[in-house]
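Structure file work.csv; described as CSV, C-alpha atoms and all ligand atoms.
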chain,number,residue,atom,x,y,z
A,1,MET,CA,-47.5,29.4,-205.5
A,2,SER,CA,-50.3,29.7,-203.1
A,3,ASN,CA,-53.3,32.0,-203.2
A,4,ASN,CA,-52.5,33.1,-199.7
A,5,PRO,CA,-51.8,36.8,-200.0
A,6,TYR,CA,-49.4,36.5,-197.1
A,7,PHE,CA,-47.3,33.7,-198.7
A,8,LEU,CA,-43.6,34.2,-198.1
A,9,ASP,CA,-41.4,33.0,-201.0
A,10,LEU,CA,-38.2,32.8,-199.0
A,11,THR,CA,-34.9,31.6,-200.2
A,12,HIS,CA,-33.4,32.1,-196.8
A,13,ARG,CA,-34.8,30.6,-193.7
A,14,PRO,CA,-32.2,30.9,-190.9
A,15,ARG,CA,-34.5,29.1,-188.6
A,16,ARG,CA,-33.6,25.8,-190.4
A,17,ASN,CA,-30.3,25.9,-188.6
A,18,ARG,CA,-32.1,26.0,-185.3
A,19,LYS,CA,-34.6,23.2,-185.9
A,20,SER,CA,-33.3,20.7,-183.4
A,21,GLU,CA,-30.9,20.5,-180.4
A,22,THR,CA,-28.4,18.5,-182.6
A,23,VAL,CA,-28.5,20.9,-185.5
A,24,ARG,CA,-28.1,23.8,-183.1
A,25,ALA,CA,-25.1,22.0,-181.6
A,26,LEU,CA,-23.6,21.5,-185.0
A,27,VAL,CA,-23.7,25.1,-186.0
A,28,CYS,CA,-22.9,26.5,-182.6
A,29,GLU,CA,-20.1,29.1,-182.9
A,30,THR,CA,-18.9,29.5,-179.4
A,31,SER,CA,-18.3,27.0,-176.7
A,32,LEU,CA,-17.5,27.3,-173.1
A,33,SER,CA,-15.2,24.8,-171.2
A,34,ALA,CA,-14.0,24.5,-167.7
A,35,ALA,CA,-10.5,24.8,-169.1
A,36,ASP,CA,-11.2,28.4,-170.0
A,37,LEU,CA,-11.8,29.5,-166.5
A,38,VAL,CA,-9.7,31.0,-163.7
A,39,TYR,CA,-11.2,30.9,-160.2
A,40,PRO,CA,-10.2,33.9,-158.0
A,41,VAL,CA,-10.0,32.9,-154.3
A,42,PHE,CA,-9.7,35.0,-151.1
A,43,ILE,CA,-7.2,33.7,-148.6
A,44,ILE,CA,-6.6,34.4,-144.9
A,45,GLU,CA,-3.9,33.4,-142.3
A,46,GLY,CA,-4.6,30.5,-139.9
A,47,GLU,CA,-5.9,27.0,-140.0
A,48,ASN,CA,-9.3,25.5,-140.7
A,49,ARG,CA,-11.2,28.8,-140.9
A,50,GLU,CA,-13.6,30.3,-143.3
A,51,GLU,CA,-15.4,33.7,-143.3
A,52,THR,CA,-18.4,34.7,-145.3
A,53,ILE,CA,-18.4,37.8,-147.5
A,54,LEU,CA,-21.8,39.6,-147.3
A,55,SER,CA,-21.7,41.1,-150.7
A,56,MET,CA,-20.5,37.9,-152.4
A,57,PRO,CA,-22.9,35.1,-151.4
A,58,GLY,CA,-21.4,31.7,-151.7
A,59,ILE,CA,-17.8,33.0,-151.7
A,60,THR,CA,-15.6,32.9,-148.6
A,61,ARG,CA,-12.3,34.0,-147.3
A,62,LYS,CA,-10.5,30.8,-146.3
A,63,THR,CA,-7.3,29.5,-144.8
A,64,ILE,CA,-4.8,27.7,-147.1
A,65,ASP,CA,-5.7,24.2,-145.8
A,66,ARG,CA,-9.4,24.8,-146.7
A,67,LEU,CA,-8.3,26.2,-150.1
A,68,LEU,CA,-6.4,23.0,-150.8
A,69,MET,CA,-9.7,21.0,-150.3
A,70,GLU,CA,-11.4,23.4,-152.7
A,71,VAL,CA,-8.7,23.1,-155.3
A,72,GLN,CA,-9.3,19.3,-155.3
A,73,GLU,CA,-12.9,20.0,-156.1
A,74,LEU,CA,-11.8,22.3,-158.9
A,75,VAL,CA,-9.5,19.8,-160.4
A,76,ASP,CA,-12.2,17.2,-160.3
A,77,LEU,CA,-14.3,19.6,-162.3
A,78,GLY,CA,-11.6,20.5,-164.8
A,79,VAL,CA,-11.0,24.0,-163.5
A,80,MET,CA,-7.2,24.1,-163.6
A,81,ALA,CA,-6.4,27.7,-162.7
A,82,ILE,CA,-6.7,29.8,-159.6
A,83,ALA,CA,-5.9,33.3,-158.6
A,84,PRO,CA,-5.3,33.9,-154.9
A,85,PHE,CA,-6.0,37.3,-153.3
A,86,PRO,CA,-4.9,37.8,-149.7
A,87,ALA,CA,-6.9,39.5,-146.9
A,88,ILE,CA,-4.1,40.9,-144.8
A,89,ASP,CA,-4.4,41.8,-141.2
A,90,GLU,CA,-4.3,45.6,-140.6
A,91,SER,CA,-1.3,45.1,-138.3
A,92,LYS,CA,0.8,43.9,-141.2
A,93,LYS,CA,-0.1,46.8,-143.5
A,94,ASN,CA,2.2,49.9,-143.8
A,95,PRO,CA,2.8,52.8,-146.2
A,96,MET,CA,5.6,50.8,-147.9
A,97,ALA,CA,3.5,47.7,-148.3
A,98,THR,CA,6.6,45.7,-147.2
A,99,GLU,CA,4.6,42.5,-146.5
A,100,SER,CA,3.9,42.2,-150.2
A,101,ALA,CA,7.4,40.8,-150.9
A,102,ASN,CA,7.8,38.7,-147.8
A,103,PRO,CA,9.0,35.3,-149.0
A,104,LYS,CA,7.0,33.8,-146.1
A,105,GLY,CA,4.0,35.9,-146.7
A,106,LEU,CA,0.4,34.6,-147.1
A,107,VAL,CA,0.4,34.6,-150.9
A,108,GLN,CA,3.9,33.1,-151.3
A,109,GLU,CA,2.9,30.3,-148.8
A,110,CYS,CA,-0.3,29.7,-150.6
A,111,VAL,CA,1.5,29.3,-153.9
A,112,ARG,CA,4.0,26.9,-152.5
A,113,ARG,CA,1.4,24.7,-150.9
A,114,VAL,CA,-1.0,24.6,-153.9
A,115,LYS,CA,1.9,23.9,-156.3
A,116,ALA,CA,3.3,21.1,-154.0
A,117,ALA,CA,-0.1,19.4,-153.8
A,118,PHE,CA,-1.3,20.1,-157.3
A,119,PRO,CA,1.7,20.8,-159.6
A,120,GLN,CA,-0.5,20.9,-162.7
A,121,VAL,CA,-2.8,23.7,-161.4
A,122,VAL,CA,-2.0,27.0,-162.8
A,123,VAL,CA,-1.5,29.6,-160.1
A,124,MET,CA,-1.8,33.3,-161.1
A,125,THR,CA,-0.9,35.9,-158.5
A,126,ASP,CA,-1.9,39.5,-158.3
A,127,ILE,CA,0.9,42.1,-158.4
A,128,ALA,CA,-0.4,45.3,-156.8
A,129,LEU,CA,0.1,46.8,-153.3
A,130,ASP,CA,-3.5,47.4,-152.3
A,131,PRO,CA,-4.0,44.5,-149.9
A,132,PHE,CA,-0.7,45.4,-148.1
A,133,ASN,CA,-0.7,49.1,-148.2
A,134,SER,CA,-2.1,51.0,-145.2
A,135,ASP,CA,-3.3,53.6,-147.7
A,136,GLY,CA,-5.4,51.0,-149.7
A,137,HIS,CA,-3.9,52.2,-153.0
A,138,ASP,CA,-2.3,50.0,-155.6
A,139,GLY,CA,0.9,52.0,-155.4
A,140,LEU,CA,2.9,53.9,-152.8
A,141,VAL,CA,1.4,57.3,-151.8
A,142,SER,CA,3.5,60.5,-151.4
A,143,PRO,CA,2.9,62.7,-148.3
A,144,SER,CA,0.9,65.0,-150.6
A,145,GLY,CA,-1.4,62.2,-151.6
A,146,GLU,CA,0.1,61.5,-155.1
A,147,ILE,CA,0.1,57.8,-156.1
A,148,LEU,CA,3.7,57.3,-157.1
A,149,ASN,CA,4.4,55.6,-160.5
A,150,ASP,CA,8.2,55.0,-160.6
A,151,GLU,CA,8.9,54.6,-156.9
A,152,THR,CA,6.4,51.7,-156.7
A,153,VAL,CA,8.0,49.6,-159.3
A,154,GLU,CA,10.8,48.3,-157.1
A,155,VAL,CA,8.3,46.9,-154.6
A,156,LEU,CA,6.3,45.3,-157.4
A,157,CYS,CA,9.5,43.7,-158.9
A,158,LYS,CA,10.5,42.2,-155.5
A,159,MET,CA,6.9,41.0,-155.0
A,160,ALA,CA,6.8,39.4,-158.5
A,161,VAL,CA,10.2,37.6,-157.9
A,162,SER,CA,9.0,36.3,-154.5
A,163,HIS,CA,5.9,34.9,-156.2
A,164,ALA,CA,8.0,33.3,-159.0
A,165,GLU,CA,10.3,31.8,-156.4
A,166,ALA,CA,7.3,30.3,-154.6
A,167,GLY,CA,6.3,28.7,-157.9
A,168,ALA,CA,3.6,31.0,-159.4
A,169,ASP,CA,3.0,30.2,-163.1
A,170,PHE,CA,1.8,33.7,-163.9
A,171,VAL,CA,2.4,37.0,-162.1
A,172,CYS,CA,-0.4,39.5,-162.9
A,173,PRO,CA,0.5,43.2,-162.5
A,174,SER,CA,-2.8,44.9,-161.9
A,175,ASP,CA,-2.0,48.4,-160.8
A,176,MET,CA,-2.5,50.0,-164.2
A,177,MET,CA,0.5,52.2,-163.8
A,178,ASP,CA,3.2,52.8,-166.4
A,179,GLY,CA,6.2,50.6,-167.2
A,180,ARG,CA,5.4,47.7,-164.9
A,181,ILE,CA,5.4,44.9,-167.4
A,182,GLY,CA,8.9,45.6,-168.8
A,183,ALA,CA,10.4,46.2,-165.4
A,184,ILE,CA,8.9,43.0,-164.0
A,185,ARG,CA,10.0,41.0,-167.0
A,186,CYS,CA,13.6,42.2,-166.5
A,187,ALA,CA,13.5,41.5,-162.8
A,188,LEU,CA,12.1,37.9,-163.4
A,189,ASP,CA,14.7,37.2,-166.1
A,190,ALA,CA,17.6,38.6,-164.0
A,191,ALA,CA,16.5,36.3,-161.1
A,192,GLY,CA,16.4,33.3,-163.5
A,193,TYR,CA,12.6,33.1,-163.8
A,194,THR,CA,12.5,33.3,-167.6
A,195,ASN,CA,9.6,30.7,-167.6
A,196,THR,CA,7.4,32.7,-165.3
A,197,SER,CA,4.6,34.3,-167.4
A,198,ILE,CA,3.1,37.7,-167.1
A,199,MET,CA,-0.6,38.3,-167.4
A,200,ALA,CA,-1.1,42.0,-167.7
A,201,TYR,CA,-4.2,43.7,-166.4
A,202,SER,CA,-3.8,46.0,-169.4
A,203,ALA,CA,-7.2,47.6,-169.7
A,204,LYS,CA,-8.6,47.9,-166.2
A,205,TYR,CA,-11.3,50.5,-165.7
A,206,ALA,CA,-12.0,52.6,-162.6
A,207,SER,CA,-15.2,50.8,-162.1
A,208,ALA,CA,-17.9,50.8,-159.4
A,209,LEU,CA,-18.1,47.0,-159.9
A,210,TYR,CA,-15.1,46.3,-157.6
A,211,GLY,CA,-17.0,47.2,-154.4
A,212,PRO,CA,-17.6,43.7,-153.2
A,213,PHE,CA,-14.0,42.7,-153.8
A,214,ARG,CA,-12.8,45.6,-151.6
A,215,ASP,CA,-15.2,44.4,-148.9
A,216,ALA,CA,-13.7,40.9,-149.2
A,217,LEU,CA,-10.2,42.2,-148.7
A,218,GLN,CA,-11.0,45.3,-146.7
A,219,SER,CA,-8.7,47.0,-149.2
A,220,ALA,CA,-10.7,50.1,-150.2
A,221,PRO,CA,-8.5,53.3,-150.5
A,222,LYS,CA,-8.4,55.3,-147.3
A,223,ALA,CA,-8.5,58.5,-149.3
A,224,GLY,CA,-9.3,59.4,-152.9
A,225,ASP,CA,-10.1,57.0,-155.7
A,226,LYS,CA,-8.2,55.1,-158.3
A,227,LYS,CA,-8.9,57.4,-161.3
A,228,THR,CA,-5.3,58.5,-161.8
A,229,TYR,CA,-4.3,55.0,-162.6
A,230,GLN,CA,-7.3,52.9,-163.6
A,231,MET,CA,-9.0,53.8,-166.9
A,232,ASP,CA,-11.9,56.1,-167.6
A,233,PRO,CA,-15.0,53.9,-168.4
A,234,ALA,CA,-15.7,56.4,-171.3
A,235,ASN,CA,-12.6,55.3,-173.2
A,236,ARG,CA,-12.2,52.6,-175.8
A,237,ARG,CA,-9.2,53.7,-178.0
A,238,GLU,CA,-7.1,54.1,-174.9
A,239,ALA,CA,-7.5,50.4,-174.2
A,240,ILE,CA,-5.8,49.6,-177.4
A,241,TYR,CA,-2.9,51.9,-176.5
A,242,GLU,CA,-2.6,50.4,-173.1
A,243,VAL,CA,-2.6,46.8,-174.4
A,244,ALA,CA,-0.1,47.7,-177.2
A,245,LEU,CA,2.4,49.0,-174.5
A,246,ASP,CA,2.1,45.9,-172.4
A,247,VAL,CA,2.5,43.6,-175.4
A,248,ASP,CA,5.6,45.5,-176.3
A,249,GLU,CA,7.0,45.2,-172.8
A,250,GLY,CA,6.6,41.4,-172.9
A,251,ALA,CA,3.1,40.5,-171.6
A,252,ASP,CA,2.2,36.8,-172.4
A,253,MET,CA,-1.5,37.5,-171.9
A,254,VAL,CA,-3.6,40.6,-171.5
A,255,MET,CA,-6.8,41.4,-169.7
A,256,VAL,CA,-9.9,43.6,-170.0
A,257,LYS,CA,-11.6,44.2,-166.7
A,258,PRO,CA,-14.5,44.3,-165.8
A,259,ALA,CA,-16.0,42.0,-168.5
A,260,SER,CA,-19.7,42.4,-169.1
A,261,PHE,CA,-20.0,46.2,-169.3
A,262,TYR,CA,-16.8,46.2,-171.5
A,263,LEU,CA,-17.5,43.6,-174.1
A,264,ASP,CA,-16.9,46.1,-176.9
A,265,VAL,CA,-13.4,46.5,-175.5
A,266,VAL,CA,-12.8,42.7,-175.3
A,267,ARG,CA,-13.9,42.4,-178.9
A,268,GLU,CA,-11.6,45.2,-180.1
A,269,VAL,CA,-8.6,44.0,-178.1
A,270,SER,CA,-9.0,40.5,-179.4
A,271,ASP,CA,-9.3,41.7,-183.0
A,272,HIS,CA,-6.2,43.8,-182.7
A,273,PHE,CA,-3.8,41.5,-181.0
A,274,ASP,CA,-2.7,37.9,-181.4
A,275,ILE,CA,-1.8,37.1,-177.9
A,276,PRO,CA,-4.5,35.5,-175.6
A,277,VAL,CA,-7.0,37.9,-174.1
A,278,SER,CA,-8.6,37.3,-170.8
A,279,ALA,CA,-11.5,39.1,-169.2
A,280,TYR,CA,-12.4,39.3,-165.5
A,281,GLN,CA,-16.1,38.9,-164.5
A,282,VAL,CA,-15.6,41.0,-161.4
A,283,SER,CA,-17.1,40.9,-157.9
A,284,GLY,CA,-19.8,43.4,-158.8
A,285,GLU,CA,-20.9,41.4,-161.8
A,286,TYR,CA,-21.1,38.3,-159.6
A,287,ALA,CA,-23.0,40.2,-156.9
A,288,MET,CA,-25.6,41.5,-159.4
A,289,LEU,CA,-26.3,38.2,-160.9
A,290,CYS,CA,-26.5,36.5,-157.5
A,291,ALA,CA,-28.8,39.2,-156.2
A,292,ALA,CA,-31.2,38.8,-159.1
A,293,ALA,CA,-31.1,35.0,-159.0
A,294,ASN,CA,-31.6,35.0,-155.2
A,295,ASN,CA,-34.8,37.1,-155.7
A,296,GLY,CA,-36.1,34.7,-158.2
A,297,TRP,CA,-35.8,37.3,-160.9
A,298,LEU,CA,-33.3,35.5,-163.1
A,299,ASP,CA,-32.7,31.8,-163.7
A,300,ARG,CA,-29.4,31.3,-161.9
A,301,ASP,CA,-28.0,28.4,-164.0
A,302,ARG,CA,-28.9,29.9,-167.3
A,303,ILE,CA,-27.7,33.4,-166.5
A,304,ILE,CA,-24.3,32.1,-165.3
A,305,LEU,CA,-23.7,30.2,-168.5
A,306,GLU,CA,-25.1,33.0,-170.7
A,307,SER,CA,-22.9,35.7,-169.0
A,308,LEU,CA,-19.8,33.6,-169.5
A,309,LEU,CA,-20.6,32.6,-173.0
A,310,SER,CA,-21.1,36.3,-174.0
A,311,ILE,CA,-17.6,37.1,-172.7
A,312,LYS,CA,-16.2,34.2,-174.7
A,313,ARG,CA,-18.1,35.3,-177.8
A,314,ALA,CA,-16.7,38.8,-177.4
A,315,GLY,CA,-13.3,37.3,-177.9
A,316,ALA,CA,-11.9,36.4,-174.5
A,317,LYS,CA,-10.0,33.1,-174.5
A,318,VAL,CA,-9.7,33.0,-170.7
A,319,ILE,CA,-12.4,34.1,-168.2
A,320,TRP,CA,-11.8,35.0,-164.6
A,321,THR,CA,-15.0,34.3,-162.7
A,322,TYR,CA,-16.3,33.6,-159.2
A,323,PHE,CA,-18.8,31.3,-160.9
A,324,ALA,CA,-16.0,29.0,-162.1
A,325,LYS,CA,-16.8,26.1,-159.9
A,326,GLU,CA,-20.6,26.3,-160.4
A,327,ALA,CA,-20.2,26.9,-164.1
A,328,ALA,CA,-18.0,23.8,-164.4
A,329,MET,CA,-20.7,21.8,-162.6
A,330,LEU,CA,-23.3,23.1,-165.0
A,331,LEU,CA,-21.2,22.3,-168.0
A,332,GLU,CA,-20.6,18.8,-166.8
A,333,ARG,CA,-24.4,18.3,-166.5
A,334,LYS,CA,-25.1,19.6,-170.0
A,401,LIG,C1,-6.5,45.3,-157.0
A,401,LIG,C2,-7.6,44.4,-157.7
A,401,LIG,C3,-8.9,44.7,-157.7
A,401,LIG,C4,-9.6,43.7,-158.3
A,401,LIG,C5,-8.6,42.7,-158.6
A,401,LIG,N1,-7.3,43.2,-158.3
A,401,LIG,C6,-9.7,45.9,-157.1
A,401,LIG,C7,-9.3,47.2,-157.4
A,401,LIG,O1,-8.7,47.5,-158.4
A,401,LIG,O2,-9.7,48.1,-156.6
A,401,LIG,C8,-11.0,43.6,-158.4
A,401,LIG,C9,-11.6,42.3,-158.7
A,401,LIG,C10,-13.1,42.2,-158.4
A,401,LIG,O3,-13.8,43.2,-158.2
A,401,LIG,O4,-13.6,41.0,-158.5
A,401,LIG,N2,-5.3,45.4,-157.6

Written as structure tokens, that's how I'd like the structure from this file.
Amino acid sequence: MSNNPYFLDLTHRPRRNRKSETVRALVCETSLSAADLVYPVFIIEGENREETILSMPGITRKTIDRLLMEVQELVDLGVMAIAPFPAIDESKKNPMATESANPKGLVQECVRRVKAAFPQVVVMTDIALDPFNSDGHDGLVSPSGEILNDETVEVLCKMAVSHAEAGADFVCPSDMMDGRIGAIRCALDAAGYTNTSIMAYSAKYASALYGPFRDALQSAPKAGDKKTYQMDPANRREAIYEVALDVDEGADMVMVKPASFYLDVVREVSDHFDIPVSAYQVSGEYAMLCAAANNGWLDRDRIILESLLSIKRAGAKVIWTYFAKEAAMLLERK
């Protein structure tokens, strides 16, 4: 005992477990690996062309040949999953979004060429009509402006089968409407694609964080918003209900989106369900972190890894992120 009146007689000193880099590594609870990441990519028609996206510095829309070069870089870094999103020419959009299921369409062609060159790369395709729909909505729109639930499903099923035929590993229904997962599972099975997986965007919120993505694809809705299908950011319990339905209908993996503002939902979903949970660090999250880093307000390398680690810690097994390539480089360096 010391005479020091401020003497602390402590049994517990949690700092002991932080005393050195190696002790910290030993007790570290969460780790991030390139194998956890999915890299979303924006594709365009043509050859040897790339376009910058103002609100997403460092990300481009590119032709498939350029993408193949990038996939080689990803593979070298250990990022083994990509998710192509097509920017479709206005002239190919119509109110029935027919281009979505064209077997020779941009996405189908992309899947075919990526899988031919890199059979081991996991290709995850988006199943929603917004890039192909002249209305910019994820579903068909009635003359009165209603976003149609049941009428849209046939187009989605044809789209999913065309992606499976092209070789997609996962089809990823993202329109947040009802009954998609079961209908698409049936359509895939009936066409013989029992091995094509479904990653359901189960808890996708009507978020302001998708702005840069809609710039990238010029896919913003022409009228109205997406609040009758995407979830209210105020709701947490509803996410459990949505995920339960998709699991019931046969989803192989589910998603919470966006990620950072919804970590409570990621945690809850991963506590409730035993299937793998993914989370999408969306375009607005990417844009915010880039903007702060570009201003010198945040340390770019550290904030990238910290943001991804938080998503992993919240319970996501898989993280979709525009930082995938950069994060993999940082992880390699560590
Ligand atoms: C559309 C879709 C969106 C994103 C992925 N798929 C946009 C939307 O719902 O309007 C957003 C991704 C991002 O912001 O990075 N089905």

Each residue of stretch 21-91 of chain A lying at most 12 Å from stretch 134-143 of chain A should get a row with its shortest atom-to-atom pair and the distance in Å to one decimal, counting only C-alpha atoms; could you produce that, ordered by chain and increasing number, as a tab-separated table?
residue	atom	partner	partner_atom	distance
A:Ala87	CA	A:Gly136	CA	11.9
A:Ile88	CA	A:Ser134	CA	10.3
A:Asp89	CA	A:Ser134	CA	10.3
A:Glu90	CA	A:Ser134	CA	7.4
A:Ser91	CA	A:Ser134	CA	9.1

Problem set entry | Selected residue of minimal separation from A:Gly211 among A:Thr125, A:Ser55, A:Ser197, A:Ser174, counting all atoms listed in the file |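 That would be A:Ser55, the residue with the smallest distance to A:Gly211.
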
Problem set entry | A:Val107 environment, 12 Å, all atoms listed in the file, sequence neighbours closer than 3 positions dropped, as a ChimeraX atom specification | /A:41-45,63-64,83-88,99-104,110-114,123-127,131-132,159-160,162-168,171

Within-10 Å residues of ligand LIG 401 (chain A), basis all atoms listed in the file, as a short mmCIF file (atom, residue, chain, number, x, y, z; two decimals) with C-alpha atoms, keeping the file's coordinate frame:
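Full text of result-v3.cif as output:
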data_model
loop_
_atom_site.label_atom_id
_atom_site.label_comp_id
_atom_site.auth_asym_id
_atom_site.auth_seq_id
_atom_site.Cartn_x
_atom_site.Cartn_y
_atom_site.Cartn_z
CA PRO A 40 -10.20 33.90 -158.00
CA VAL A 41 -10.00 32.90 -154.30
CA MET A 56 -20.50 37.90 -152.40
CA ALA A 83 -5.90 33.30 -158.60
CA PHE A 85 -6.00 37.30 -153.30
CA THR A 125 -0.90 35.90 -158.50
CA ASP A 126 -1.90 39.50 -158.30
CA ILE A 127 0.90 42.10 -158.40
CA ALA A 128 -0.40 45.30 -156.80
CA LEU A 129 0.10 46.80 -153.30
CA ASP A 130 -3.50 47.40 -152.30
CA PRO A 131 -4.00 44.50 -149.90
CA GLY A 136 -5.40 51.00 -149.70
CA HIS A 137 -3.90 52.20 -153.00
CA ASP A 138 -2.30 50.00 -155.60
CA GLY A 139 0.90 52.00 -155.40
CA CYS A 172 -0.40 39.50 -162.90
CA PRO A 173 0.50 43.20 -162.50
CA SER A 174 -2.80 44.90 -161.90
CA ASP A 175 -2.00 48.40 -160.80
CA MET A 176 -2.50 50.00 -164.20
CA TYR A 201 -4.20 43.70 -166.40
CA LYS A 204 -8.60 47.90 -166.20
CA TYR A 205 -11.30 50.50 -165.70
CA ALA A 206 -12.00 52.60 -162.60
CA SER A 207 -15.20 50.80 -162.10
CA ALA A 208 -17.90 50.80 -159.40
CA LEU A 209 -18.10 47.00 -159.90
CA TYR A 210 -15.10 46.30 -157.60
CA GLY A 211 -17.00 47.20 -154.40
CA PRO A 212 -17.60 43.70 -153.20
CA PHE A 213 -14.00 42.70 -153.80
CA ARG A 214 -12.80 45.60 -151.60
CA ASP A 215 -15.20 44.40 -148.90
CA ALA A 216 -13.70 40.90 -149.20
CA LEU A 217 -10.20 42.20 -148.70
CA SER A 219 -8.70 47.00 -149.20
CA ALA A 220 -10.70 50.10 -150.20
CA PRO A 221 -8.50 53.30 -150.50
CA ASP A 225 -10.10 57.00 -155.70
CA LYS A 226 -8.20 55.10 -158.30
CA TYR A 229 -4.30 55.00 -162.60
CA GLN A 230 -7.30 52.90 -163.60
CA LYS A 257 -11.60 44.20 -166.70
CA PRO A 258 -14.50 44.30 -165.80
CA TYR A 280 -12.40 39.30 -165.50
CA GLN A 281 -16.10 38.90 -164.50
CA VAL A 282 -15.60 41.00 -161.40
CA SER A 283 -17.10 40.90 -157.90
CA GLY A 284 -19.80 43.40 -158.80
CA GLU A 285 -20.90 41.40 -161.80
CA TYR A 286 -21.10 38.30 -159.60
CA ALA A 287 -23.00 40.20 -156.90
CA TRP A 320 -11.80 35.00 -164.60
CA THR A 321 -15.00 34.30 -162.70
CA TYR A 322 -16.30 33.60 -159.20
#

For this session: Have a look at atom CA of A:Ser31 and atom CA of A:Leu298 and let me know their distance in Å, one decimal.
Result: 22.0 Å

Exercise. Which distance in Å separates atom CA of A:Asp169 and atom CA of A:Leu188, to one decimal?
Worked result: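 Distance between the two atoms: 11.9 Å.
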
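With only C-alpha atoms as the atoms that count, the minimum distance from A:Ala203 to the choices A:Ala190, A:Asp178, A:Val254, A:Lys227 is reached by A:Val254.
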